[in-house]
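Reproduced below: start-v7.cif, with mmCIF, C-alpha atoms.
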data_my_file
loop_
_atom_site.group_PDB
_atom_site.id
_atom_site.type_symbol
_atom_site.label_atom_id
_atom_site.label_comp_id
_atom_site.auth_asym_id
_atom_site.auth_seq_id
_atom_site.Cartn_x
_atom_site.Cartn_y
_atom_site.Cartn_z
ATOM 1 C CA MET A 1 -45.784 -98.446 -154.913
ATOM 2 C CA LYS A 2 -43.059 -98.070 -152.315
ATOM 3 C CA HIS A 3 -42.021 -94.785 -154.025
ATOM 4 C CA ILE A 4 -45.569 -93.370 -153.651
ATOM 5 C CA THR A 5 -45.814 -94.481 -150.029
ATOM 6 C CA THR A 6 -42.574 -92.677 -149.255
ATOM 7 C CA TYR A 7 -44.138 -89.289 -150.177
ATOM 8 C CA LEU A 8 -47.666 -90.017 -148.983
ATOM 9 C CA ALA A 9 -47.075 -89.591 -145.231
ATOM 10 C CA PRO A 10 -45.330 -86.177 -145.495
ATOM 11 C CA THR A 11 -48.031 -84.978 -147.880
ATOM 12 C CA ILE A 12 -50.802 -85.977 -145.470
ATOM 13 C CA LEU A 13 -48.928 -84.303 -142.580
ATOM 14 C CA LEU A 14 -48.545 -81.087 -144.616
ATOM 15 C CA LEU A 15 -52.258 -81.062 -145.443
ATOM 16 C CA ILE A 16 -53.133 -81.531 -141.778
ATOM 17 C CA LEU A 17 -50.880 -78.590 -140.806
ATOM 18 C CA LEU A 18 -52.395 -76.367 -143.490
ATOM 19 C CA LEU A 19 -55.915 -77.292 -142.451
ATOM 20 C CA GLY A 20 -55.083 -76.647 -138.809
ATOM 21 C CA SER A 21 -53.640 -73.220 -139.648
ATOM 22 C CA MET A 22 -56.774 -72.286 -141.585
ATOM 23 C CA ILE A 23 -58.978 -73.321 -138.670
ATOM 24 C CA ILE A 24 -56.881 -71.267 -136.213
ATOM 25 C CA LEU A 25 -57.006 -68.203 -138.462
ATOM 26 C CA PHE A 26 -60.767 -68.590 -138.886
ATOM 27 C CA PHE A 27 -61.505 -68.743 -135.186
ATOM 28 C CA THR A 28 -58.989 -66.129 -134.044
ATOM 29 C CA GLY A 29 -60.225 -63.637 -136.610
ATOM 30 C CA ASN A 30 -56.765 -62.407 -137.561
ATOM 31 C CA PRO A 31 -57.441 -58.979 -139.160
ATOM 32 C CA SER A 32 -56.392 -58.427 -142.741
ATOM 33 C CA PRO A 33 -54.815 -55.129 -143.763
ATOM 34 C CA GLN A 34 -58.023 -54.315 -145.646
ATOM 35 C CA ASN A 35 -60.012 -54.439 -142.387
ATOM 36 C CA GLN A 36 -57.602 -52.314 -140.348
ATOM 37 C CA LEU A 37 -59.156 -49.113 -139.021
ATOM 38 C CA ILE A 38 -57.728 -46.090 -140.809
ATOM 39 C CA ILE A 39 -58.196 -42.802 -138.941
ATOM 40 C CA PRO A 40 -57.896 -39.621 -141.016
ATOM 41 C CA VAL A 41 -56.575 -36.627 -139.061
ATOM 42 C CA VAL A 42 -56.875 -33.032 -140.293
ATOM 43 C CA LEU A 43 -54.624 -30.697 -138.311
ATOM 44 C CA LYS A 44 -54.554 -26.892 -138.352
ATOM 45 C CA THR A 45 -51.039 -27.062 -139.773
ATOM 46 C CA ILE A 46 -48.531 -29.689 -140.832
ATOM 47 C CA ASP A 47 -45.642 -27.218 -140.588
ATOM 48 C CA THR A 48 -42.815 -29.352 -139.177
ATOM 49 C CA ASN A 49 -41.262 -26.269 -137.566
ATOM 50 C CA MET A 50 -44.142 -26.145 -135.079
ATOM 51 C CA GLU A 51 -42.881 -28.335 -132.231
ATOM 52 C CA PHE A 52 -46.314 -28.436 -130.600
ATOM 53 C CA TRP A 53 -47.815 -30.310 -133.551
ATOM 54 C CA GLN A 54 -44.836 -32.648 -133.821
ATOM 55 C CA VAL A 55 -45.473 -33.775 -130.247
ATOM 56 C CA VAL A 56 -49.229 -34.103 -130.912
ATOM 57 C CA LYS A 57 -48.436 -36.405 -133.841
ATOM 58 C CA ASN A 58 -46.039 -38.409 -131.700
ATOM 59 C CA GLY A 59 -48.805 -39.044 -129.155
ATOM 60 C CA MET A 60 -51.137 -40.089 -131.951
ATOM 61 C CA GLN A 61 -48.611 -42.510 -133.405
ATOM 62 C CA VAL A 62 -48.050 -44.190 -130.036
ATOM 63 C CA ALA A 63 -51.810 -44.649 -129.536
ATOM 64 C CA ALA A 64 -52.188 -45.979 -133.086
ATOM 65 C CA ALA A 65 -49.373 -48.517 -132.618
ATOM 66 C CA GLU A 66 -50.801 -49.699 -129.300
ATOM 67 C CA ASN A 67 -54.245 -50.243 -130.792
ATOM 68 C CA GLY A 68 -53.335 -51.612 -134.216
ATOM 69 C CA VAL A 69 -54.859 -48.784 -136.231
ATOM 70 C CA SER A 70 -53.452 -46.657 -139.030
ATOM 71 C CA LEU A 71 -53.327 -42.855 -139.272
ATOM 72 C CA GLU A 72 -53.535 -40.559 -142.280
ATOM 73 C CA ILE A 73 -52.414 -37.149 -140.998
ATOM 74 C CA THR A 74 -52.869 -34.117 -143.209
ATOM 75 C CA GLY A 75 -53.754 -30.424 -143.102
ATOM 76 C CA PRO A 76 -52.681 -27.096 -144.606
ATOM 77 C CA TRP A 77 -49.108 -25.876 -144.288
ATOM 78 C CA LEU A 78 -50.268 -22.510 -142.959
ATOM 79 C CA GLU A 79 -52.564 -22.367 -139.953
ATOM 80 C CA SER A 80 -54.194 -19.302 -141.480
ATOM 81 C CA ASP A 81 -55.177 -21.261 -144.621
ATOM 82 C CA ILE A 82 -58.791 -21.859 -143.630
ATOM 83 C CA GLU A 83 -59.999 -22.489 -147.184
ATOM 84 C CA GLY A 84 -57.228 -25.014 -147.703
ATOM 85 C CA GLN A 85 -58.304 -26.940 -144.628
ATOM 86 C CA ILE A 86 -61.912 -26.845 -145.777
ATOM 87 C CA GLU A 87 -60.977 -28.433 -149.132
ATOM 88 C CA ILE A 88 -58.855 -31.114 -147.452
ATOM 89 C CA THR A 89 -61.688 -31.974 -145.055
ATOM 90 C CA LYS A 90 -64.251 -32.094 -147.880
ATOM 91 C CA ASN A 91 -62.125 -34.605 -149.772
ATOM 92 C CA ILE A 92 -61.711 -36.810 -146.717
ATOM 93 C CA ILE A 93 -65.430 -36.803 -145.899
ATOM 94 C CA SER A 94 -66.246 -37.719 -149.507
ATOM 95 C CA GLY A 95 -64.289 -40.936 -148.951
ATOM 96 C CA HIS A 96 -66.710 -41.956 -146.141
ATOM 97 C CA PRO A 97 -64.147 -42.739 -143.410
ATOM 98 C CA ARG A 98 -65.320 -44.512 -140.276
ATOM 99 C CA VAL A 99 -64.239 -41.586 -138.078
ATOM 100 C CA LEU A 100 -62.504 -38.205 -138.399
ATOM 101 C CA ILE A 101 -60.173 -36.268 -136.080
ATOM 102 C CA LEU A 102 -60.283 -32.542 -136.807
ATOM 103 C CA SER A 103 -58.373 -29.564 -135.402
ATOM 104 C CA ALA A 104 -60.375 -26.674 -136.852
ATOM 105 C CA THR A 105 -58.688 -23.545 -138.177
ATOM 106 C CA ASP A 106 -61.950 -21.620 -137.714
ATOM 107 C CA LEU A 107 -64.685 -21.896 -135.107
ATOM 108 C CA ASN A 108 -67.577 -21.374 -137.540
ATOM 109 C CA LYS A 109 -66.394 -22.095 -141.083
ATOM 110 C CA LEU A 110 -65.837 -25.817 -140.474
ATOM 111 C CA VAL A 111 -69.304 -26.347 -138.960
ATOM 112 C CA PRO A 112 -71.031 -27.228 -142.293
ATOM 113 C CA LEU A 113 -68.494 -29.990 -142.885
ATOM 114 C CA VAL A 114 -68.981 -31.369 -139.387
ATOM 115 C CA GLN A 115 -72.723 -31.423 -140.127
ATOM 116 C CA GLN A 116 -72.034 -33.214 -143.409
ATOM 117 C CA ALA A 117 -69.982 -35.826 -141.562
ATOM 118 C CA LYS A 118 -72.849 -36.390 -139.149
ATOM 119 C CA ASP A 119 -75.292 -36.824 -142.042
ATOM 120 C CA LEU A 120 -72.995 -39.557 -143.371
ATOM 121 C CA ASP A 121 -72.764 -41.181 -139.912
ATOM 122 C CA ILE A 122 -69.080 -40.266 -139.549
ATOM 123 C CA PRO A 123 -68.246 -39.451 -135.903
ATOM 124 C CA VAL A 124 -65.990 -36.401 -135.502
ATOM 125 C CA VAL A 125 -63.468 -35.939 -132.691
ATOM 126 C CA THR A 126 -62.213 -32.354 -132.423
ATOM 127 C CA LEU A 127 -58.682 -31.736 -131.200
ATOM 128 C CA ASP A 128 -57.054 -28.601 -129.725
ATOM 129 C CA SER A 129 -59.342 -26.199 -131.665
ATOM 130 C CA GLY A 130 -63.041 -26.993 -131.779
ATOM 131 C CA VAL A 131 -66.059 -25.856 -133.748
ATOM 132 C CA ASN A 132 -69.209 -23.944 -132.839
ATOM 133 C CA SER A 133 -71.353 -27.082 -132.747
ATOM 134 C CA ASP A 134 -72.460 -29.872 -130.423
ATOM 135 C CA ILE A 135 -72.028 -32.447 -133.188
ATOM 136 C CA PRO A 136 -68.482 -33.666 -132.378
ATOM 137 C CA VAL A 137 -68.601 -36.693 -130.127
ATOM 138 C CA THR A 138 -65.872 -35.176 -127.952
ATOM 139 C CA PHE A 139 -63.387 -32.291 -127.853
ATOM 140 C CA VAL A 140 -59.849 -33.164 -126.723
ATOM 141 C CA ALA A 141 -58.006 -30.014 -125.663
ATOM 142 C CA THR A 142 -56.534 -27.765 -123.030
ATOM 143 C CA ASN A 143 -59.029 -25.678 -121.075
ATOM 144 C CA ASN A 144 -57.719 -22.557 -122.783
ATOM 145 C CA ILE A 145 -59.681 -20.028 -120.760
ATOM 146 C CA GLU A 146 -58.416 -21.509 -117.507
ATOM 147 C CA ALA A 147 -54.843 -21.716 -118.825
ATOM 148 C CA ALA A 148 -54.891 -18.064 -119.934
ATOM 149 C CA GLN A 149 -56.293 -16.960 -116.577
ATOM 150 C CA LYS A 150 -53.495 -18.841 -114.826
ATOM 151 C CA LEU A 151 -50.907 -17.098 -116.996
ATOM 152 C CA THR A 152 -52.437 -13.639 -116.558
ATOM 153 C CA GLN A 153 -52.809 -13.969 -112.801
ATOM 154 C CA TYR A 154 -49.081 -14.603 -112.601
ATOM 155 C CA ALA A 155 -48.350 -11.773 -115.056
ATOM 156 C CA ILE A 156 -50.101 -9.110 -113.006
ATOM 157 C CA SER A 157 -48.080 -10.172 -109.960
ATOM 158 C CA GLN A 158 -44.916 -9.376 -111.913
ATOM 159 C CA ILE A 159 -45.740 -6.001 -113.514
ATOM 160 C CA SER A 160 -46.222 -2.457 -112.259
ATOM 161 C CA PRO A 161 -49.805 -1.182 -111.807
ATOM 162 C CA GLY A 162 -50.935 1.515 -114.210
ATOM 163 C CA LYS A 163 -48.630 0.484 -117.052
ATOM 164 C CA PRO A 164 -50.261 -0.772 -120.296
ATOM 165 C CA VAL A 165 -50.104 -4.297 -121.678
ATOM 166 C CA ALA A 166 -50.712 -5.747 -125.140
ATOM 167 C CA ILE A 167 -52.050 -9.065 -126.433
ATOM 168 C CA ILE A 168 -50.446 -10.750 -129.446
ATOM 169 C CA ASN A 169 -52.681 -13.506 -130.768
ATOM 170 C CA HIS A 170 -52.401 -15.976 -133.635
ATOM 171 C CA VAL A 171 -55.347 -16.678 -135.980
ATOM 172 C CA PRO A 172 -58.714 -14.880 -135.656
ATOM 173 C CA GLY A 173 -61.548 -17.390 -135.489
ATOM 174 C CA ALA A 174 -59.549 -20.273 -133.977
ATOM 175 C CA THR A 175 -61.012 -21.389 -130.650
ATOM 176 C CA THR A 176 -57.564 -21.388 -129.036
ATOM 177 C CA ALA A 177 -57.118 -17.712 -129.965
ATOM 178 C CA ILE A 178 -60.640 -16.735 -128.896
ATOM 179 C CA GLU A 179 -60.615 -18.552 -125.554
ATOM 180 C CA ARG A 180 -57.100 -17.539 -124.534
ATOM 181 C CA GLU A 181 -57.881 -13.903 -125.159
ATOM 182 C CA GLN A 182 -61.097 -14.267 -123.164
ATOM 183 C CA GLY A 183 -59.115 -15.663 -120.235
ATOM 184 C CA VAL A 184 -56.520 -12.884 -120.398
ATOM 185 C CA ARG A 185 -59.071 -10.094 -120.618
ATOM 186 C CA LYS A 186 -61.227 -11.524 -117.843
ATOM 187 C CA ILE A 187 -58.363 -11.279 -115.338
ATOM 188 C CA LEU A 188 -56.976 -7.929 -116.549
ATOM 189 C CA GLU A 189 -60.399 -6.291 -116.612
ATOM 190 C CA ALA A 190 -61.361 -7.692 -113.217
ATOM 191 C CA GLU A 191 -58.141 -6.419 -111.648
ATOM 192 C CA GLY A 192 -58.328 -3.087 -113.489
ATOM 193 C CA LYS A 193 -54.689 -2.258 -112.733
ATOM 194 C CA ASN A 194 -53.218 -2.389 -116.236
ATOM 195 C CA PRO A 195 -54.919 -0.924 -119.318
ATOM 196 C CA ILE A 196 -55.049 -3.126 -122.428
ATOM 197 C CA LEU A 197 -53.631 -1.429 -125.511
ATOM 198 C CA GLY A 198 -55.395 -3.938 -127.775
ATOM 199 C CA THR A 199 -55.019 -7.253 -129.573
ATOM 200 C CA TRP A 200 -52.786 -7.807 -132.607
ATOM 201 C CA PHE A 201 -52.941 -10.932 -134.810
ATOM 202 C CA THR A 202 -49.953 -12.611 -136.456
ATOM 203 C CA ASN A 203 -51.828 -15.118 -138.655
ATOM 204 C CA ASN A 204 -49.204 -17.464 -137.252
ATOM 205 C CA PHE A 205 -46.225 -15.744 -138.855
ATOM 206 C CA GLN A 206 -43.214 -15.280 -136.567
ATOM 207 C CA GLU A 207 -41.981 -12.259 -138.518
ATOM 208 C CA LYS A 208 -45.386 -10.617 -138.013
ATOM 209 C CA ALA A 209 -45.105 -11.092 -134.233
ATOM 210 C CA TYR A 210 -41.638 -9.564 -134.429
ATOM 211 C CA SER A 211 -42.817 -6.475 -136.349
ATOM 212 C CA ILE A 212 -45.867 -6.006 -134.091
ATOM 213 C CA THR A 213 -43.617 -6.043 -131.029
ATOM 214 C CA MET A 214 -41.176 -3.600 -132.586
ATOM 215 C CA ASP A 215 -44.052 -1.204 -133.322
ATOM 216 C CA LEU A 216 -45.432 -1.557 -129.798
ATOM 217 C CA ILE A 217 -42.057 -0.796 -128.212
ATOM 218 C CA ASN A 218 -41.534 2.232 -130.457
ATOM 219 C CA THR A 219 -45.031 3.720 -130.171
ATOM 220 C CA HIS A 220 -45.718 2.863 -126.515
ATOM 221 C CA PRO A 221 -42.493 3.446 -124.553
ATOM 222 C CA ASP A 222 -44.370 2.852 -121.286
ATOM 223 C CA ILE A 223 -45.597 -0.642 -122.279
ATOM 224 C CA THR A 224 -44.854 -3.041 -119.426
ATOM 225 C CA ALA A 225 -45.890 -6.466 -120.737
ATOM 226 C CA ILE A 226 -46.956 -8.521 -123.729
ATOM 227 C CA LEU A 227 -49.106 -11.612 -123.454
ATOM 228 C CA ALA A 228 -48.471 -13.846 -126.477
ATOM 229 C CA MET A 229 -50.991 -16.570 -127.185
ATOM 230 C CA ASN A 230 -48.953 -19.272 -128.948
ATOM 231 C CA GLU A 231 -45.454 -20.511 -129.810
ATOM 232 C CA VAL A 232 -45.003 -18.379 -132.940
ATOM 233 C CA SER A 233 -46.210 -15.210 -131.207
ATOM 234 C CA VAL A 234 -43.880 -15.773 -128.256
ATOM 235 C CA ILE A 235 -40.764 -16.369 -130.364
ATOM 236 C CA GLY A 236 -41.343 -13.350 -132.620
ATOM 237 C CA ALA A 237 -42.041 -11.068 -129.655
ATOM 238 C CA ALA A 238 -39.044 -12.400 -127.701
ATOM 239 C CA GLN A 239 -36.719 -11.765 -130.615
ATOM 240 C CA ALA A 240 -37.847 -8.117 -130.835
ATOM 241 C CA ILE A 241 -37.608 -7.546 -127.077
ATOM 242 C CA GLU A 242 -34.092 -8.958 -126.907
ATOM 243 C CA GLU A 243 -32.862 -7.073 -129.980
ATOM 244 C CA THR A 244 -34.101 -3.734 -128.632
ATOM 245 C CA GLY A 245 -32.454 -4.266 -125.250
ATOM 246 C CA MET A 246 -35.840 -4.367 -123.512
ATOM 247 C CA THR A 247 -35.332 -7.697 -121.742
ATOM 248 C CA GLY A 248 -36.919 -7.426 -118.304
ATOM 249 C CA LYS A 249 -38.340 -3.976 -119.104
ATOM 250 C CA VAL A 250 -41.055 -5.332 -121.377
ATOM 251 C CA LYS A 251 -42.054 -8.597 -119.760
ATOM 252 C CA LEU A 252 -43.284 -11.437 -121.948
ATOM 253 C CA PHE A 253 -45.788 -14.122 -120.921
ATOM 254 C CA GLY A 254 -46.818 -16.844 -123.337
ATOM 255 C CA PHE A 255 -47.927 -20.315 -124.314
ATOM 256 C CA ASP A 256 -46.163 -23.511 -125.458
ATOM 257 C CA ASN A 257 -42.655 -24.853 -124.984
ATOM 258 C CA SER A 258 -40.528 -25.018 -128.102
ATOM 259 C CA LEU A 259 -36.767 -25.216 -127.558
ATOM 260 C CA GLN A 260 -36.438 -21.549 -128.559
ATOM 261 C CA GLU A 261 -39.020 -20.535 -125.967
ATOM 262 C CA VAL A 262 -37.192 -22.458 -123.250
ATOM 263 C CA LYS A 263 -33.953 -20.656 -124.153
ATOM 264 C CA TYR A 264 -35.705 -17.289 -123.952
ATOM 265 C CA LEU A 265 -37.121 -18.302 -120.557
ATOM 266 C CA GLU A 266 -33.609 -19.181 -119.336
ATOM 267 C CA ARG A 267 -32.280 -15.819 -120.539
ATOM 268 C CA GLY A 268 -35.053 -13.883 -118.804
ATOM 269 C CA VAL A 269 -36.665 -12.622 -122.021
ATOM 270 C CA VAL A 270 -39.775 -14.726 -121.316
ATOM 271 C CA GLN A 271 -41.056 -14.543 -117.742
ATOM 272 C CA ALA A 272 -43.562 -17.409 -117.896
ATOM 273 C CA THR A 273 -45.183 -19.821 -120.320
ATOM 274 C CA VAL A 274 -48.165 -22.120 -120.062
ATOM 275 C CA ILE A 275 -47.324 -25.606 -121.235
ATOM 276 C CA GLN A 276 -50.062 -27.686 -122.696
ATOM 277 C CA LYS A 277 -49.714 -31.466 -122.866
ATOM 278 C CA PRO A 278 -49.663 -32.103 -126.621
ATOM 279 C CA PHE A 279 -48.546 -35.729 -126.353
ATOM 280 C CA ASN A 280 -51.589 -36.477 -124.177
ATOM 281 C CA MET A 281 -53.763 -34.526 -126.590
ATOM 282 C CA GLY A 282 -52.738 -36.615 -129.584
ATOM 283 C CA TYR A 283 -52.823 -39.903 -127.682
ATOM 284 C CA LEU A 284 -56.276 -39.339 -126.186
ATOM 285 C CA ALA A 285 -57.731 -38.089 -129.488
ATOM 286 C CA VAL A 286 -56.844 -41.373 -131.208
ATOM 287 C CA LYS A 287 -58.203 -43.388 -128.279
ATOM 288 C CA ALA A 288 -61.427 -41.362 -128.445
ATOM 289 C CA ALA A 289 -61.719 -41.931 -132.199
ATOM 290 C CA ILE A 290 -61.400 -45.695 -131.714
ATOM 291 C CA ASP A 291 -64.068 -45.593 -129.000
ATOM 292 C CA ALA A 292 -66.334 -43.551 -131.274
ATOM 293 C CA VAL A 293 -66.074 -46.185 -134.019
ATOM 294 C CA HIS A 294 -67.155 -48.794 -131.462
ATOM 295 C CA LYS A 295 -70.090 -46.586 -130.378
ATOM 296 C CA LYS A 296 -68.768 -46.046 -126.864
ATOM 297 C CA LYS A 297 -70.101 -43.039 -124.982
ATOM 298 C CA LEU A 298 -67.569 -40.241 -124.606
ATOM 299 C CA PRO A 299 -67.517 -37.090 -122.465
ATOM 300 C CA LYS A 300 -68.135 -33.934 -124.488
ATOM 301 C CA PHE A 301 -64.817 -32.473 -123.316
ATOM 302 C CA ILE A 302 -61.557 -34.210 -122.443
ATOM 303 C CA ASP A 303 -59.266 -31.753 -120.642
ATOM 304 C CA THR A 304 -55.621 -32.614 -121.286
ATOM 305 C CA GLY A 305 -54.354 -30.126 -118.687
ATOM 306 C CA SER A 306 -51.785 -27.331 -118.561
ATOM 307 C CA VAL A 307 -48.901 -26.224 -116.326
ATOM 308 C CA LEU A 308 -47.524 -22.738 -115.669
ATOM 309 C CA ILE A 309 -43.752 -22.726 -116.080
ATOM 310 C CA ILE A 310 -41.700 -19.947 -114.458
ATOM 311 C CA PRO A 311 -37.960 -19.666 -113.696
ATOM 312 C CA ASP A 312 -38.537 -20.967 -110.157
ATOM 313 C CA ASN A 313 -40.058 -24.282 -111.280
ATOM 314 C CA MET A 314 -38.688 -24.935 -114.764
ATOM 315 C CA TYR A 315 -35.915 -27.245 -113.512
ATOM 316 C CA LEU A 316 -38.161 -29.520 -111.472
ATOM 317 C CA PRO A 317 -37.962 -33.074 -112.882
ATOM 318 C CA GLU A 318 -41.687 -33.276 -113.634
ATOM 319 C CA ASN A 319 -41.554 -29.984 -115.538
ATOM 320 C CA GLN A 320 -38.392 -30.921 -117.427
ATOM 321 C CA LYS A 321 -40.346 -33.863 -118.871
ATOM 322 C CA LEU A 322 -42.989 -31.447 -120.117
ATOM 323 C CA LEU A 323 -40.473 -28.928 -121.445
ATOM 324 C CA PHE A 324 -38.536 -31.554 -123.375
ATOM 325 C CA PRO A 325 -41.019 -34.175 -124.619
ATOM 326 C CA PHE A 326 -39.763 -36.954 -126.844
ATOM 327 C CA ILE A 327 -40.117 -36.103 -130.541
ATOM 328 C CA GLU A 328 -39.385 -38.646 -133.255
#

Here is a file; write its structure as structure tokens.
Amino acid sequence: MKHITTYLAPTILLLILLLGSMIILFFTGNPSPQNQLIIPVVLKTIDTNMEFWQVVKNGMQVAAAENGVSLEITGPWLESDIEGQIEITKNIISGHPRVLILSATDLNKLVPLVQQAKDLDIPVVTLDSGVNSDIPVTFVATNNIEAAQKLTQYAISQISPGKPVAIINHVPGATTAIEREQGVRKILEAEGKNPILGTWFTNNFQEKAYSITMDLINTHPDITAILAMNEVSVIGAAQAIEETGMTGKVKLFGFDNSLQEVKYLERGVVQATVIQKPFNMGYLAVKAAIDAVHKKKLPKFIDTGSVLIIPDNMYLPENQKLLFPFIE
């Protein structure tokens, strides 16, 4: 009897502790892994060489960690692989996620899938590149028309009147490509000082931007400037300009801020670049997706801002933070 009594008190104490823990867990509602919100993200490209998208993902991961949600980030390797992105998005929608973040490779071709998501009560947040539809609950992006106008206004202050310019763009059908070209043309046509030779598309291949620039320099010896609409276009064009000894003679104005672009800016090959805020873009897209799941009202457009970087301001502390964002 004494032997039983010896173990009885600790056993009762252990049962009380277990019961208390169960009560605490019940009332605090500690989430199980099965109940954690999983946010699927379909990007235009998962190419790890694209620094812009690495920073976008970093912003997303910070927002996810802060809010206790999980991300499943996917997309085609090539930004020009529209059909590949369509198949990826179809598969995700078929799994009935609670929300979807989408950066569309094409303005129109992704619309049917966005409609399908709506029919299944899946809110869609578009990121960087939108779709031709009012269905997405919000669009998190740079105001690309405004950013391109800002770039072009600076460009025309740096080039000689009467000399032609060219536009090198990335993927036809992407809203970023469409809107940036609109912004460029609006300023150039309004000023009427520099004829536009035309628009050439790279399909997001650096070597294509390089060959386009080589052809432009060879066939248009009086060309005075190139406006390149994304990171890949800028790097390819800069490489051709530098190799042909045309630095400063053919001025280059672009978008984004990869390390290579910054080096070209320091060497005078690039005269200006518009920096988006990709960390903010990724962070705010995840926050918006969480709000959409909880049925919170969102603005139709969340402008993440842009900054024009030129040699005179690139070393300012606030701009150095934008030029060299933290990438995991």

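With all atoms listed in the file as the atoms that count, the minimum distance from Met60 of chain A to the choices A:Ile46, A:Val262, A:Ile101, A:Ile156 is reached by A:Ile101.
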
* To do: Could you give me, as a VMD selection string, the residues within 7 Å of Ile168 of chain A, counting all atoms listed in the file and dropping anything in the same chain fewer than 5 positions from it?
  => chain A and resid 199 to 201 227 to 229 233

* Identify all residues satisfying the PyMOL selection byres ((chain A and resi 40) around 8) in the given file; provide them as a PyMOL selection string. => chain A and resi 38-39+41-42+71-74+92+97+99-101

* Asked: What gap, in Å, lies between atom CA of Gln320 of chain A and atom CA of Gln271 of chain A?
  -> 16.6 Å

* To do: Would you write out, as an MDAnalysis selection string, every residue that the PyMOL selection byres ((chain A and resi 257) around 8) captures in this file?
  => chainID A and resid 52 231 255:256 258:262 273:275 323

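The closest residue to His96 of chain A, picked from A:Ser306, A:Gln116, A:Ser157, A:Asn319 and counting only C-alpha atoms, is A:Gln116.
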
* the PyMOL selection byres ((chain A and resi 212-219) around 10) resolved against shown file, as an MDAnalysis selection string -> chainID A and resid 165:166 168 197 200:202 206:211 220:224 226 233 236:241 243:244 246 250

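Straight-line separation from atom CA of Asp119 of chain A to atom CA of Glu87 of chain A: 18.0 Å.
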
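A straight line drawn from atom CA of Val114 of chain A to atom CA of Pro136 of chain A is 7.4 Å long.
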
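When only C-alpha atoms are used to compute distances to Ile235 of chain A, the closest of the residues A:Lys44, A:Met50, A:Asn67, A:Leu151 turns out to be A:Met50.
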
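If you measure from each of A:Arg267, A:Lys163, A:Arg98, A:Lys321 to Ala289 of chain A using all atoms listed in the file, the closest one turns out to be A:Arg98.
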
* Using only C-alpha atoms, which residue out of A:Pro317, A:Leu188, A:Gln182, A:Lys249 lies closest to Tyr154 of chain A? -> A:Leu188

* Distance criterion (all atoms listed in the file): nearest to Gln158 of chain A out of A:Gly305, A:Gly192, A:Pro112, A:Gly248 -> A:Gly248

* Contacts of segment 143-146 of chain A within 8 Å, all atoms listed in the file, excl. fewer than 6 positions in-chain, as a ChimeraX atom specification -> /A:176,179-184,303-306
